[in-house]
$ cat entry.txt   # compact mmCIF, C-alpha atoms and all ligand atoms
# COMPACT_ATOMS: atom_id res chain seq x y z
CA MET A 101 9.88 13.83 20.46
CA LEU A 102 12.62 15.92 18.86
CA GLN A 103 11.81 19.60 18.97
CA THR A 104 12.88 22.28 16.54
CA GLN A 105 15.85 23.95 18.17
CA ALA A 106 16.41 26.68 15.64
CA ALA A 107 15.40 30.21 16.44
CA LEU A 108 12.68 31.35 14.06
CA ASP A 109 14.96 33.42 11.88
CA PRO A 110 15.04 32.75 8.14
CA ALA A 111 18.69 31.72 7.91
CA SER A 112 18.34 29.18 10.74
CA LEU A 113 15.16 27.78 9.25
CA ALA A 114 16.79 27.38 5.85
CA ARG A 115 19.74 25.61 7.46
CA LEU A 116 17.40 23.41 9.50
CA ALA A 117 15.56 22.34 6.34
CA LYS A 118 18.81 21.25 4.69
CA ASP A 119 20.29 19.60 7.78
CA THR A 120 17.14 17.66 8.59
CA VAL A 121 16.82 16.27 5.08
CA SER A 122 20.43 15.20 5.16
CA ARG A 123 19.95 13.50 8.56
CA GLN A 124 16.81 11.74 7.32
CA ASN A 125 18.67 10.54 4.23
CA GLU A 126 21.49 9.23 6.37
CA TRP A 127 19.36 7.58 9.08
CA ARG A 128 16.22 6.24 7.34
CA GLY A 129 17.80 6.16 3.89
CA LYS A 130 21.02 4.35 4.75
CA GLY A 131 21.24 3.41 8.40
CA THR A 132 18.07 1.45 9.18
CA LEU A 133 16.34 -1.73 8.10
CA ASN A 134 12.96 -0.49 6.89
CA LEU A 135 10.18 -3.02 7.41
CA ILE A 136 7.19 -0.68 7.16
CA ALA A 137 4.80 -2.59 4.91
CA SER A 138 3.43 0.49 3.13
CA GLU A 139 6.72 2.03 1.99
CA ASN A 140 9.32 1.44 -0.69
CA VAL A 141 12.09 3.25 -2.50
CA MET A 142 12.25 4.33 -6.12
CA SER A 143 15.32 3.54 -8.18
CA PRO A 144 17.83 6.40 -8.54
CA ALA A 145 16.77 6.79 -12.19
CA ALA A 146 13.09 7.15 -11.24
CA MET A 147 14.09 9.59 -8.46
CA SER A 148 15.97 11.74 -10.95
CA LEU A 149 12.85 11.90 -13.16
CA TYR A 150 10.70 12.87 -10.17
CA ALA A 151 12.41 16.25 -9.74
CA SER A 152 11.72 17.98 -13.03
CA ASP A 153 10.00 20.99 -14.56
CA PHE A 154 6.74 19.01 -14.51
CA GLU A 155 6.69 19.68 -10.77
CA PHE A 156 5.79 23.33 -11.33
CA ARG A 157 3.07 22.91 -13.99
CA TYR A 158 -0.68 22.53 -14.21
CA ALA A 159 -2.52 20.23 -16.60
CA GLU A 160 -6.14 19.95 -15.47
CA GLY A 161 -8.24 17.84 -17.77
CA THR A 162 -7.36 14.79 -19.82
CA ILE A 163 -4.83 13.91 -22.51
CA GLY A 164 -5.32 16.23 -25.48
CA GLU A 165 -8.11 18.15 -23.72
CA ARG A 166 -6.47 20.41 -21.16
CA TYR A 167 -7.64 23.61 -19.58
CA TYR A 168 -4.06 24.96 -19.75
CA GLU A 169 -1.54 25.62 -22.50
CA GLY A 170 2.04 24.33 -22.46
CA THR A 171 1.06 20.72 -21.83
CA ARG A 172 2.53 19.10 -24.95
CA TYR A 173 4.94 16.88 -22.99
CA VAL A 174 2.45 16.20 -20.22
CA ASP A 175 0.27 14.55 -22.86
CA VAL A 176 3.18 12.47 -24.16
CA ILE A 177 4.21 11.19 -20.74
CA GLU A 178 0.68 10.60 -19.47
CA ASP A 179 -0.36 8.76 -22.62
CA ALA A 180 2.67 6.47 -22.38
CA CYS A 181 2.09 5.90 -18.66
CA GLU A 182 -1.58 5.04 -19.14
CA LYS A 183 -0.67 2.56 -21.88
CA ALA A 184 2.05 0.96 -19.75
CA ILE A 185 -0.24 0.60 -16.73
CA LYS A 186 -3.09 -0.78 -18.84
CA THR A 187 -0.72 -3.36 -20.30
CA LEU A 188 0.76 -4.31 -16.95
CA PHE A 189 -2.62 -4.89 -15.31
CA ARG A 190 -4.58 -5.88 -18.43
CA ALA A 191 -6.99 -3.04 -17.61
CA GLU A 192 -9.14 -1.24 -20.11
CA PHE A 193 -9.62 1.86 -17.89
CA VAL A 194 -6.99 3.70 -15.88
CA ASP A 195 -6.98 7.01 -14.03
CA LEU A 196 -3.58 8.17 -12.81
CA ARG A 197 -4.75 11.41 -11.27
CA PRO A 198 -5.71 10.55 -7.66
CA LEU A 199 -2.98 11.83 -5.37
CA SER A 200 -3.23 8.95 -2.91
CA GLY A 201 -4.86 5.59 -2.38
CA ALA A 202 -7.32 7.08 0.12
CA GLN A 203 -8.33 9.72 -2.43
CA ALA A 204 -8.80 7.01 -5.07
CA ASN A 205 -11.09 5.23 -2.61
CA LEU A 206 -13.07 8.41 -2.01
CA ALA A 207 -13.50 8.78 -5.79
CA ILE A 208 -15.03 5.28 -5.87
CA PHE A 209 -17.36 5.99 -2.94
CA SER A 210 -18.41 9.24 -4.62
CA ALA A 211 -18.99 7.64 -8.03
CA PHE A 212 -20.84 4.51 -6.93
CA ALA A 213 -22.80 5.63 -3.86
CA LYS A 214 -24.58 8.63 -2.46
CA PRO A 215 -24.89 9.84 1.12
CA GLY A 216 -27.07 7.48 3.17
CA ASP A 217 -26.23 4.39 1.09
CA SER A 218 -24.56 1.39 2.70
CA ALA A 219 -21.03 0.12 2.13
CA LEU A 220 -19.27 -3.03 3.32
CA SER A 221 -15.59 -3.34 4.19
CA LEU A 222 -13.29 -5.08 6.64
CA ASN A 223 -13.00 -3.36 9.99
CA VAL A 224 -9.55 -2.06 10.92
CA PRO A 225 -8.50 -4.96 13.22
CA SER A 226 -9.43 -7.41 10.45
CA GLY A 227 -7.14 -5.49 8.10
CA GLY A 228 -9.40 -2.80 6.65
CA HIS A 229 -7.88 0.60 5.87
CA ILE A 230 -9.22 3.65 7.69
CA SER A 231 -10.40 5.16 4.40
CA TYR A 232 -13.19 2.55 4.04
CA ARG A 233 -14.58 3.15 7.48
CA ASP A 234 -17.10 5.58 8.94
CA PHE A 235 -14.27 7.68 10.43
CA GLY A 236 -12.49 7.78 7.05
CA ALA A 237 -13.30 8.58 3.43
CA ALA A 238 -16.46 6.41 3.36
CA GLY A 239 -17.82 8.35 6.33
CA CYS A 240 -16.89 11.66 4.66
CA ARG A 241 -19.08 10.55 1.75
CA GLY A 242 -21.90 9.96 4.27
CA LEU A 243 -22.02 6.20 3.79
CA ALA A 244 -23.36 3.83 6.43
CA VAL A 245 -20.42 1.44 6.85
CA HIS A 246 -20.91 -2.20 7.89
CA ASP A 247 -18.29 -4.86 8.64
CA ILE A 248 -17.55 -7.67 6.22
CA PRO A 249 -17.73 -10.78 8.43
CA PHE A 250 -14.18 -12.09 8.86
CA ASN A 251 -12.92 -15.37 10.24
CA ASN A 252 -10.06 -14.45 12.56
CA GLU A 253 -8.63 -17.97 12.67
CA ASP A 254 -8.09 -18.53 8.97
CA PHE A 255 -7.86 -14.86 7.96
CA THR A 256 -10.62 -14.92 5.39
CA VAL A 257 -14.06 -13.55 4.67
CA ASP A 258 -17.02 -15.57 5.96
CA ILE A 259 -18.98 -15.84 2.72
CA GLU A 260 -22.15 -17.34 4.20
CA ALA A 261 -22.43 -14.56 6.79
CA LEU A 262 -21.72 -12.05 4.03
CA ARG A 263 -24.64 -13.42 1.98
CA GLY A 264 -26.85 -12.83 5.03
CA LEU A 265 -25.68 -9.21 5.16
CA PHE A 266 -26.42 -8.72 1.46
CA LYS A 267 -29.97 -9.79 2.20
CA ARG A 268 -30.28 -7.58 5.29
CA LEU A 269 -28.86 -4.44 3.62
CA GLY A 270 -30.81 -4.98 0.38
CA ALA A 271 -31.05 -2.08 -2.03
CA SER A 272 -29.19 0.28 0.32
CA LEU A 273 -25.91 -1.56 -0.41
CA LYS A 274 -23.88 0.13 -3.14
CA VAL A 275 -20.20 -0.70 -2.59
CA VAL A 276 -18.35 -3.74 -1.25
CA THR A 277 -14.66 -3.03 -0.59
CA LEU A 278 -12.10 -5.83 -0.35
CA GLY A 279 -8.39 -5.46 0.33
CA GLY A 280 -6.72 -3.81 3.25
CA SER A 281 -3.72 -2.70 5.23
CA LEU A 282 -3.06 -5.95 7.04
CA PHE A 283 -3.20 -8.14 3.96
CA LEU A 284 -1.56 -11.53 4.39
CA PHE A 285 -3.66 -13.71 2.09
CA PRO A 286 -5.71 -13.16 -1.08
CA HIS A 287 -9.38 -12.42 -0.56
CA PRO A 288 -12.07 -14.66 -2.09
CA VAL A 289 -12.95 -12.17 -4.85
CA ASN A 290 -14.40 -14.83 -7.13
CA GLU A 291 -16.79 -16.19 -4.54
CA ILE A 292 -17.86 -12.74 -3.39
CA ALA A 293 -18.46 -11.59 -6.97
CA LYS A 294 -20.60 -14.70 -7.49
CA ALA A 295 -22.57 -14.14 -4.27
CA LEU A 296 -23.12 -10.49 -5.23
CA GLY A 297 -24.34 -11.53 -8.67
CA GLU A 298 -26.84 -13.93 -7.10
CA SER A 299 -28.08 -11.42 -4.50
CA PHE A 300 -28.14 -8.40 -6.84
CA PRO A 301 -28.82 -9.71 -10.36
CA ASP A 302 -29.15 -6.16 -11.71
CA GLY A 303 -25.47 -5.61 -10.90
CA GLU A 304 -26.07 -2.40 -9.02
CA VAL A 305 -23.45 -3.07 -6.29
CA ALA A 306 -19.84 -2.18 -7.12
CA LEU A 307 -17.22 -4.73 -6.07
CA HIS A 308 -14.19 -2.64 -5.21
CA TYR A 309 -10.75 -4.09 -4.48
CA ASP A 310 -8.15 -1.92 -2.77
CA ALA A 311 -4.80 -3.19 -4.03
CA ALA A 312 -2.70 -0.50 -2.35
CA HIS A 313 -0.49 -2.99 -0.55
CA VAL A 314 -0.28 -5.67 -3.19
CA LEU A 315 -0.17 -3.73 -6.47
CA GLY A 316 3.44 -4.73 -7.18
CA LEU A 317 2.71 -8.37 -6.37
CA ILE A 318 -0.23 -8.30 -8.79
CA ALA A 319 1.96 -6.68 -11.46
CA GLY A 320 4.50 -9.46 -10.93
CA GLY A 321 1.82 -12.17 -11.13
CA GLN A 322 2.42 -13.30 -7.54
CA PHE A 323 -0.93 -12.50 -5.92
CA GLN A 324 -4.52 -12.78 -7.02
CA ASP A 325 -5.70 -10.89 -10.10
CA PRO A 326 -8.79 -8.98 -8.88
CA LEU A 327 -9.95 -7.70 -12.27
CA ARG A 328 -10.01 -11.23 -13.69
CA GLU A 329 -11.67 -12.59 -10.53
CA GLY A 330 -14.66 -10.27 -10.68
CA ALA A 331 -13.79 -6.90 -9.12
CA LEU A 332 -15.47 -4.04 -10.97
CA VAL A 333 -12.92 -1.44 -9.92
CA VAL A 334 -9.48 -1.51 -8.34
CA SER A 335 -7.91 1.35 -6.40
CA ALA A 336 -4.31 1.41 -5.23
CA SER A 337 -1.39 3.50 -4.21
CA THR A 338 1.72 3.36 -6.35
CA HIS A 339 4.46 3.22 -3.72
CA LYS A 340 4.19 0.09 -1.58
CA THR A 341 4.99 -3.21 -3.30
CA PHE A 342 4.78 -1.19 -6.53
CA PRO A 343 8.00 0.84 -6.31
CA GLY A 344 6.83 4.12 -7.78
CA PRO A 345 6.26 7.64 -6.47
CA GLN A 346 3.67 8.26 -3.76
CA GLY A 347 0.25 8.57 -5.42
CA GLY A 348 -3.02 6.85 -6.23
CA ILE A 349 -4.48 5.01 -9.20
CA LEU A 350 -7.78 3.55 -10.42
CA LEU A 351 -8.10 0.53 -12.71
CA ALA A 352 -11.09 -1.22 -14.26
CA SER A 353 -12.07 -3.37 -17.19
CA ASN A 354 -15.82 -3.67 -17.35
CA LEU A 355 -17.25 -0.28 -16.47
CA LYS A 356 -20.45 0.79 -18.15
CA ASP A 357 -20.28 4.23 -19.85
CA LYS A 358 -22.19 5.90 -17.03
CA GLN A 359 -19.95 4.33 -14.35
CA ARG A 360 -16.83 5.36 -16.25
CA SER A 361 -17.96 8.94 -16.57
CA SER A 362 -19.05 9.13 -12.90
CA LEU A 363 -15.65 7.85 -11.82
CA ARG A 364 -13.76 10.28 -14.06
CA LYS A 365 -15.89 13.16 -12.78
CA ALA A 366 -15.39 12.11 -9.17
CA VAL A 367 -11.63 12.39 -9.72
CA PHE A 368 -11.76 15.63 -11.70
CA PRO A 369 -13.26 18.09 -11.01
CA GLY A 370 -14.49 16.29 -7.88
CA LEU A 371 -11.40 15.57 -5.83
CA VAL A 372 -8.31 16.61 -7.77
CA SER A 373 -7.50 19.92 -9.38
CA ASN A 374 -3.89 19.57 -10.48
CA HIS A 375 -2.65 16.01 -10.33
CA HIS A 376 1.01 16.67 -9.42
CA ILE A 377 2.37 15.82 -12.82
CA HIS A 378 5.97 15.21 -11.72
CA ARG A 379 4.78 11.82 -10.39
CA ILE A 380 3.96 10.58 -13.86
CA PRO A 381 7.44 10.20 -15.46
CA ALA A 382 8.62 8.40 -12.30
CA LEU A 383 5.50 6.22 -12.36
CA LEU A 384 6.13 5.37 -16.02
CA TYR A 385 9.71 4.43 -15.19
CA ALA A 386 8.56 2.23 -12.29
CA ALA A 387 5.96 0.61 -14.58
CA ALA A 388 8.73 -0.15 -17.09
CA GLU A 389 10.82 -1.66 -14.29
CA MET A 390 7.88 -3.83 -13.25
CA MET A 391 7.26 -4.95 -16.83
CA ARG A 392 10.84 -6.16 -17.05
CA PHE A 393 11.67 -7.20 -13.47
CA GLY A 394 8.27 -7.40 -11.71
CA ALA A 395 7.93 -11.19 -11.72
CA ASP A 396 11.37 -11.67 -10.14
CA TYR A 397 10.89 -8.85 -7.66
CA ALA A 398 7.44 -9.99 -6.57
CA SER A 399 8.42 -13.65 -6.20
CA GLN A 400 11.53 -12.82 -4.16
CA THR A 401 9.41 -10.49 -1.99
CA VAL A 402 6.88 -13.21 -1.18
CA ALA A 403 9.66 -15.79 -0.63
CA ASN A 404 11.39 -13.38 1.76
CA ALA A 405 8.19 -12.73 3.71
CA LYS A 406 7.58 -16.47 4.14
CA SER A 407 11.18 -16.97 5.16
CA LEU A 408 11.14 -14.15 7.73
CA ALA A 409 7.88 -15.48 9.18
CA ARG A 410 9.25 -19.01 9.47
CA SER A 411 12.47 -17.86 11.17
CA LEU A 412 10.55 -15.67 13.61
CA ASP A 413 8.25 -18.57 14.44
CA GLU A 414 11.20 -20.90 15.01
CA LEU A 415 12.78 -18.31 17.31
CA GLY A 416 9.70 -18.16 19.53
CA PHE A 417 7.56 -15.33 18.10
CA LYS A 418 3.80 -15.77 17.83
CA VAL A 419 3.56 -15.26 14.08
CA VAL A 420 -0.04 -15.09 12.87
CA GLY A 421 -1.45 -17.09 9.97
CA LYS A 422 0.75 -20.14 10.62
CA ALA A 423 -1.94 -22.62 9.59
CA ARG A 424 -2.07 -20.98 6.15
CA GLY A 425 1.71 -20.79 5.74
CA TYR A 426 2.08 -17.41 7.55
CA THR A 427 1.66 -15.19 4.48
CA SER A 428 1.16 -15.04 0.73
CA SER A 429 2.09 -11.36 0.44
CA HIS A 430 4.96 -9.06 1.41
CA GLN A 431 3.66 -8.84 4.99
CA VAL A 432 4.30 -10.74 8.19
CA ALA A 433 2.55 -10.08 11.50
CA PHE A 434 3.19 -11.32 14.99
CA ASP A 435 1.44 -10.99 18.32
CA ALA A 436 3.66 -9.01 20.65
CA SER A 437 1.30 -8.94 23.62
CA GLY A 438 3.59 -11.32 25.55
CA LEU A 439 6.55 -9.01 24.88
CA GLY A 440 5.01 -5.84 26.30
CA GLY A 441 2.67 -4.98 23.42
CA GLY A 442 2.98 -3.42 19.99
CA ALA A 443 3.82 0.11 21.16
CA LEU A 444 6.72 -0.93 23.37
CA VAL A 445 8.12 -3.41 20.88
CA SER A 446 7.93 -1.07 17.88
CA ARG A 447 9.69 1.67 19.87
CA ALA A 448 12.44 -0.72 21.04
CA LEU A 449 13.00 -1.84 17.45
CA THR A 450 13.22 1.78 16.27
CA GLU A 451 15.93 2.45 18.83
CA ALA A 452 17.72 -0.57 17.39
CA ASN A 453 17.51 0.89 13.84
CA ILE A 454 14.78 -1.52 12.71
CA ILE A 455 11.68 0.38 11.60
CA VAL A 456 8.29 -1.37 11.87
CA ASN A 457 4.76 -0.40 12.81
CA LYS A 458 2.49 -1.51 15.61
CA ASN A 459 -0.78 -2.93 14.28
CA LEU A 460 -4.15 -4.15 15.45
CA LEU A 461 -4.70 -7.87 14.92
CA PRO A 462 -7.98 -9.53 13.89
CA GLY A 463 -10.38 -9.75 16.82
CA GLU A 464 -8.78 -6.89 18.77
CA ASP A 465 -10.78 -3.95 20.03
CA VAL A 466 -10.18 -0.96 17.74
CA ARG A 467 -9.78 1.17 20.88
CA ASN A 468 -6.41 -0.59 21.41
CA SER A 469 -4.99 1.20 18.38
CA LYS A 470 -2.45 3.20 20.41
CA ASN A 471 -1.09 0.02 21.95
CA PRO A 472 -2.26 -2.89 19.84
CA ALA A 473 -1.09 -6.46 20.23
CA GLY A 474 0.47 -6.75 16.81
CA ILE A 475 3.59 -5.86 14.91
CA ARG A 476 3.28 -5.69 11.11
CA LEU A 477 6.34 -6.14 8.91
CA GLY A 478 6.85 -5.74 5.16
CA VAL A 479 9.88 -7.00 3.27
CA GLN A 480 9.34 -5.23 -0.07
CA GLU A 481 11.94 -2.52 0.55
CA VAL A 482 14.75 -4.72 1.86
CA THR A 483 14.02 -7.07 -1.06
CA ARG A 484 14.41 -4.17 -3.47
CA PHE A 485 17.87 -3.64 -2.02
CA GLY A 486 18.69 -7.25 -2.88
CA MET A 487 18.19 -9.05 0.43
CA LYS A 488 17.21 -12.71 0.25
CA GLU A 489 16.26 -15.57 2.58
CA ARG A 490 19.66 -15.55 4.33
CA GLU A 491 19.23 -11.91 5.34
CA MET A 492 15.65 -12.59 6.49
CA ASP A 493 17.06 -15.12 8.92
CA SER A 494 19.63 -12.56 10.16
CA ILE A 495 16.87 -10.02 10.69
CA ALA A 496 14.76 -12.57 12.61
CA HIS A 497 17.78 -13.23 14.85
CA MET A 498 18.10 -9.50 15.53
CA PHE A 499 14.44 -9.46 16.62
CA HIS A 500 15.09 -12.42 18.88
CA ASP A 501 18.32 -11.13 20.38
CA LEU A 502 16.76 -7.75 21.15
CA LEU A 503 13.29 -8.74 22.33
CA ILE A 504 13.85 -12.18 23.86
CA GLY A 505 17.61 -12.59 24.30
CA GLY A 506 18.24 -9.26 26.04
CA GLU A 507 20.99 -7.94 23.75
CA SER A 508 21.29 -4.15 24.02
CA LYS A 509 19.57 -1.76 21.60
CA GLU A 510 22.93 -0.21 20.78
CA SER A 511 24.42 -3.55 19.81
CA ILE A 512 21.43 -4.50 17.61
CA ALA A 513 21.45 -1.01 16.06
CA THR A 514 25.07 -1.59 14.99
CA ARG A 515 24.17 -5.00 13.51
CA ALA A 516 21.12 -3.57 11.69
CA THR A 517 23.08 -0.69 10.16
CA LYS A 518 25.92 -3.01 9.15
CA LEU A 519 23.49 -5.30 7.31
CA ARG A 520 21.77 -2.36 5.64
CA ARG A 521 25.07 -0.96 4.40
CA GLU A 522 25.88 -4.26 2.69
CA PHE A 523 22.78 -3.72 0.51
CA GLU A 524 22.91 -0.14 -0.72
CA GLU A 525 22.09 -0.54 -4.39
CA VAL A 526 18.50 -0.71 -5.65
CA LYS A 527 17.92 -3.91 -7.64
CA PHE A 528 15.24 -4.87 -10.15
CA THR A 529 15.99 -1.82 -12.26
CA PHE A 530 17.63 -1.11 -15.61
N1 LIG A 601 -2.07 3.22 6.51
C1 LIG A 601 -1.14 2.79 5.49
C2 LIG A 601 -0.60 1.44 5.80
O1 LIG A 601 -1.20 0.41 5.50
O2 LIG A 601 0.46 1.42 6.38
C3 LIG A 601 -1.67 2.86 4.13
O3 LIG A 601 -2.19 4.11 3.84

$ encode --input "entry.txt" --output "structure tokens" --more "lines below"
Ligand code: DSN
Amino acid sequence: MLQTQAALDPASLARLAKDTVSRQNEWRGKGTLNLIASENVMSPAAMSLYASDFEFRYAEGTIGERYYEGTRYVDVIEDACEKAIKTLFRAEFVDLRPLSGAQANLAIFSAFAKPGDSALSLNVPSGGHISYRDFGAAGCRGLAVHDIPFNNEDFTVDIEALRGLFKRLGASLKVVTLGGSLFLFPHPVNEIAKALGESFPDGEVALHYDAAHVLGLIAGGQFQDPLREGALVVSASTHKTFPGPQGGILLASNLKDKQRSSLRKAVFPGLVSNHHIHRIPALLYAAAEMMRFGADYASQTVANAKSLARSLDELGFKVVGKARGYTSSHQVAFDASGLGGGALVSRALTEANIIVNKNLLPGEDVRNSKNPAGIRLGVQEVTRFGMKEREMDSIAHMFHDLLIGGESKESIATRATKLRREFEEVKFTF
């Protein structure tokens, strides 16, 4: 690990702050192929809106009903952003204030369940995010977390086994969370909503869909539409396939008055004091970009993911999900256990200027998380820079030449940076 070299004197620290940002901008911003599935870049115009006077202000409360003065333009921008997001997702309820996807999830657990209640979600190897688990936000809320039964071969929820769990958990069950971090294929929201309706006719269990990874694909009409398929509430982050600033969001269409007010209260004053207002103009800009360019961006993203997966498979990688066409999202995953494991492979790729993350695969023991079998890739950022199927094939060849063919890290690093520099301009923007 790089250590801070500067002596702890103020001038050196100030210089270190500037130098490190400039190195980060040069290396991660311009010199590497970024395939982390949870990241993206904003357009330069959205970036310029992100750094504004809003950054220094407070605006607790809601539009038109603030606890602070001086919020005239906060109201304008937040009102426009809420309307844009509602239009984009055909949602009747939106809350832009959660600061992250995990915090949005905690708001849902707080609003729809109390300590001691049960919650269902995918375990981490099956794709679940840490925030739905007992060691994450759900556990912080005191929920008893149970696994949604998952079929590791076809990457989907086992509905019949899930019905059995509904019966076993009975009235203690309050939230079912779908979605996840390893998210290759749509989840059977419709069928699960139907099974929930049959098992709990009073409708007292909230069907929650975490769209953090796929929000941009949903906006572009290229993934499932959870609100139309029966989810009561959707949480997401706004910076993965949706190319906005880092932050969280809540969406819904059929909340009862009491549910709506519990959710609002869980966000504020429950979990958020100030909601970091400088995010909102950038989020509005990204929403406008997605209204205009979202369908093209999302369809190219999914096409690129399929193309990368196919090329990797043809070059000898054990790409998961082959029987279902590898992927229907921005993600691709392969089993790297025959190549030394996820930790070794992800580190070798980093040294070759290709940034990925190691990832547990369905069926793996969660205790393998420091050296899991899998590598997870996401193509949403390289797609935003204009890369298409041809470049996906070039990237797959770099993986092959480094990890199977024995080409040096230095040589692949040069190839990766060269390709990145051919695609410097953000696309799908005004
Ligand atoms: N853990 C992040 C990921 O999926 O990469 C999301 O918070």

$ residues_around --input "entry.txt" --residues "region 378-386 of chain A" --least-positions-apart "6" --cutoff "7 Å" --atoms "only C-alpha atoms" --output "ChimeraX atom specification"
/A:146-147,149-152,154-155,177-178,181,343-345

$ closest_residue --input "entry.txt" --among "A:Gly474, A:Ala448, A:Gly442, A:Gly279" --to "Val419 (chain A)" --atoms "all atoms listed in the file"
A:Gly474

$ closest_atom_pairs --input "entry.txt" --of "chain A" --to "ligand LIG 601 (chain A)" --cutoff "10 Å" --atoms "only C-alpha atoms and all ligand atoms" --output "CSV"
residue,atom,partner,partner_atom,distance
A:Ile136,CA,A:LIG601,O2,7.1
A:Ala137,CA,A:LIG601,O2,6.1
A:Ser138,CA,A:LIG601,O2,4.5
A:Glu139,CA,A:LIG601,O2,7.7
A:Ser200,CA,A:LIG601,O3,8.4
A:Gly201,CA,A:LIG601,O3,6.9
A:Ala202,CA,A:LIG601,O3,7.0
A:Gly227,CA,A:LIG601,O1,8.8
A:Gly228,CA,A:LIG601,O1,8.9
A:His229,CA,A:LIG601,N1,6.4
A:Ile230,CA,A:LIG601,N1,7.3
A:Ser231,CA,A:LIG601,O3,8.3
A:Gly280,CA,A:LIG601,O1,7.3
A:Ser281,CA,A:LIG601,O1,4.0
A:Leu282,CA,A:LIG601,O1,6.8
A:Phe283,CA,A:LIG601,O1,8.9
A:Ala312,CA,A:LIG601,C3,7.4
A:His313,CA,A:LIG601,O1,7.0
A:Ala336,CA,A:LIG601,O3,9.7
A:Ser337,CA,A:LIG601,O3,8.1
A:His339,CA,A:LIG601,C3,10.0
A:Lys340,CA,A:LIG601,C3,8.6
A:Val456,CA,A:LIG601,O2,10.0
A:Asn457,CA,A:LIG601,O2,7.9
A:Lys458,CA,A:LIG601,O2,9.9
A:Asn459,CA,A:LIG601,O2,9.1
A:Arg476,CA,A:LIG601,O2,9.0
A:Leu477,CA,A:LIG601,O2,9.9
A:Gly478,CA,A:LIG601,O2,9.7

$ write_last_selection --input "entry.txt" --atoms "C-alpha atoms" --output "JSON list (two decimals), in the frame of the given file"
[["chain", "number", "residue", "atom", "x", "y", "z"],
["A", 136, "ILE", "CA", 7.19, -0.68, 7.16],
["A", 137, "ALA", "CA", 4.80, -2.59, 4.91],
["A", 138, "SER", "CA", 3.43, 0.49, 3.13],
["A", 139, "GLU", "CA", 6.72, 2.03, 1.99],
["A", 200, "SER", "CA", -3.23, 8.95, -2.91],
["A", 201, "GLY", "CA", -4.86, 5.59, -2.38],
["A", 202, "ALA", "CA", -7.32, 7.08, 0.12],
["A", 227, "GLY", "CA", -7.14, -5.49, 8.10],
["A", 228, "GLY", "CA", -9.40, -2.80, 6.65],
["A", 229, "HIS", "CA", -7.88, 0.60, 5.87],
["A", 230, "ILE", "CA", -9.22, 3.65, 7.69],
["A", 231, "SER", "CA", -10.40, 5.16, 4.40],
["A", 280, "GLY", "CA", -6.72, -3.81, 3.25],
["A", 281, "SER", "CA", -3.72, -2.70, 5.23],
["A", 282, "LEU", "CA", -3.06, -5.95, 7.04],
["A", 283, "PHE", "CA", -3.20, -8.14, 3.96],
["A", 312, "ALA", "CA", -2.70, -0.50, -2.35],
["A", 313, "HIS", "CA", -0.49, -2.99, -0.55],
["A", 336, "ALA", "CA", -4.31, 1.41, -5.23],
["A", 337, "SER", "CA", -1.39, 3.50, -4.21],
["A", 339, "HIS", "CA", 4.46, 3.22, -3.72],
["A", 340, "LYS", "CA", 4.19, 0.09, -1.58],
["A", 456, "VAL", "CA", 8.29, -1.37, 11.87],
["A", 457, "ASN", "CA", 4.76, -0.40, 12.81],
["A", 458, "LYS", "CA", 2.49, -1.51, 15.61],
["A", 459, "ASN", "CA", -0.78, -2.93, 14.28],
["A", 476, "ARG", "CA", 3.28, -5.69, 11.11],
["A", 477, "LEU", "CA", 6.34, -6.14, 8.91],
["A", 478, "GLY", "CA", 6.85, -5.74, 5.16]]

$ closest_residue --input "entry.txt" --among "A:Val245, A:Leu262, A:Leu133, A:Leu196" --to "His376 (chain A)" --atoms "all atoms listed in the file"
A:Leu196

$ closest_atom_pairs --input "entry.txt" --of "region 268-383 of chain A" --to "region 157-175 of chain A" --cutoff "9 Å" --atoms "all atoms listed in the file" --output "tab-separated table"
residue	atom	partner	partner_atom	distance
A:Phe368	CA	A:Gly161	CA	7.4
A:Pro369	CA	A:Gly161	CA	8.4
A:Val372	CA	A:Glu160	CA	8.7
A:Ser373	CA	A:Glu160	CA	6.2
A:Asn374	CA	A:Glu160	CA	5.5
A:His375	CA	A:Glu160	CA	7.4
A:His376	CA	A:Tyr158	CA	7.8
A:Ile377	CA	A:Arg157	CA	7.2
A:His378	CA	A:Arg157	CA	8.5
A:Ile380	CA	A:Val174	CA	8.6

$ residues_around --input "entry.txt" --residues "Val194 (chain A)" --least-positions-apart "4" --cutoff "12 Å" --atoms "all atoms listed in the file" --output "short mmCIF file (atom, residue, chain, number, x, y, z; two decimals) with C-alpha atoms, in the coordinates of the input"
data_model
loop_
_atom_site.label_atom_id
_atom_site.label_comp_id
_atom_site.auth_asym_id
_atom_site.auth_seq_id
_atom_site.Cartn_x
_atom_site.Cartn_y
_atom_site.Cartn_z
CA THR A 162 -7.36 14.79 -19.82
CA GLU A 178 0.68 10.60 -19.47
CA ASP A 179 -0.36 8.76 -22.62
CA ALA A 180 2.67 6.47 -22.38
CA CYS A 181 2.09 5.90 -18.66
CA GLU A 182 -1.58 5.04 -19.14
CA LYS A 183 -0.67 2.56 -21.88
CA ALA A 184 2.05 0.96 -19.75
CA ILE A 185 -0.24 0.60 -16.73
CA LYS A 186 -3.09 -0.78 -18.84
CA THR A 187 -0.72 -3.36 -20.30
CA LEU A 188 0.76 -4.31 -16.95
CA PHE A 189 -2.62 -4.89 -15.31
CA ARG A 190 -4.58 -5.88 -18.43
CA PRO A 198 -5.71 10.55 -7.66
CA ALA A 204 -8.80 7.01 -5.07
CA VAL A 333 -12.92 -1.44 -9.92
CA VAL A 334 -9.48 -1.51 -8.34
CA SER A 335 -7.91 1.35 -6.40
CA ALA A 336 -4.31 1.41 -5.23
CA GLY A 348 -3.02 6.85 -6.23
CA ILE A 349 -4.48 5.01 -9.20
CA LEU A 350 -7.78 3.55 -10.42
CA LEU A 351 -8.10 0.53 -12.71
CA ALA A 352 -11.09 -1.22 -14.26
CA SER A 353 -12.07 -3.37 -17.19
CA ASN A 354 -15.82 -3.67 -17.35
CA LEU A 355 -17.25 -0.28 -16.47
CA ARG A 360 -16.83 5.36 -16.25
CA LEU A 363 -15.65 7.85 -11.82
CA ARG A 364 -13.76 10.28 -14.06
CA VAL A 367 -11.63 12.39 -9.72
#
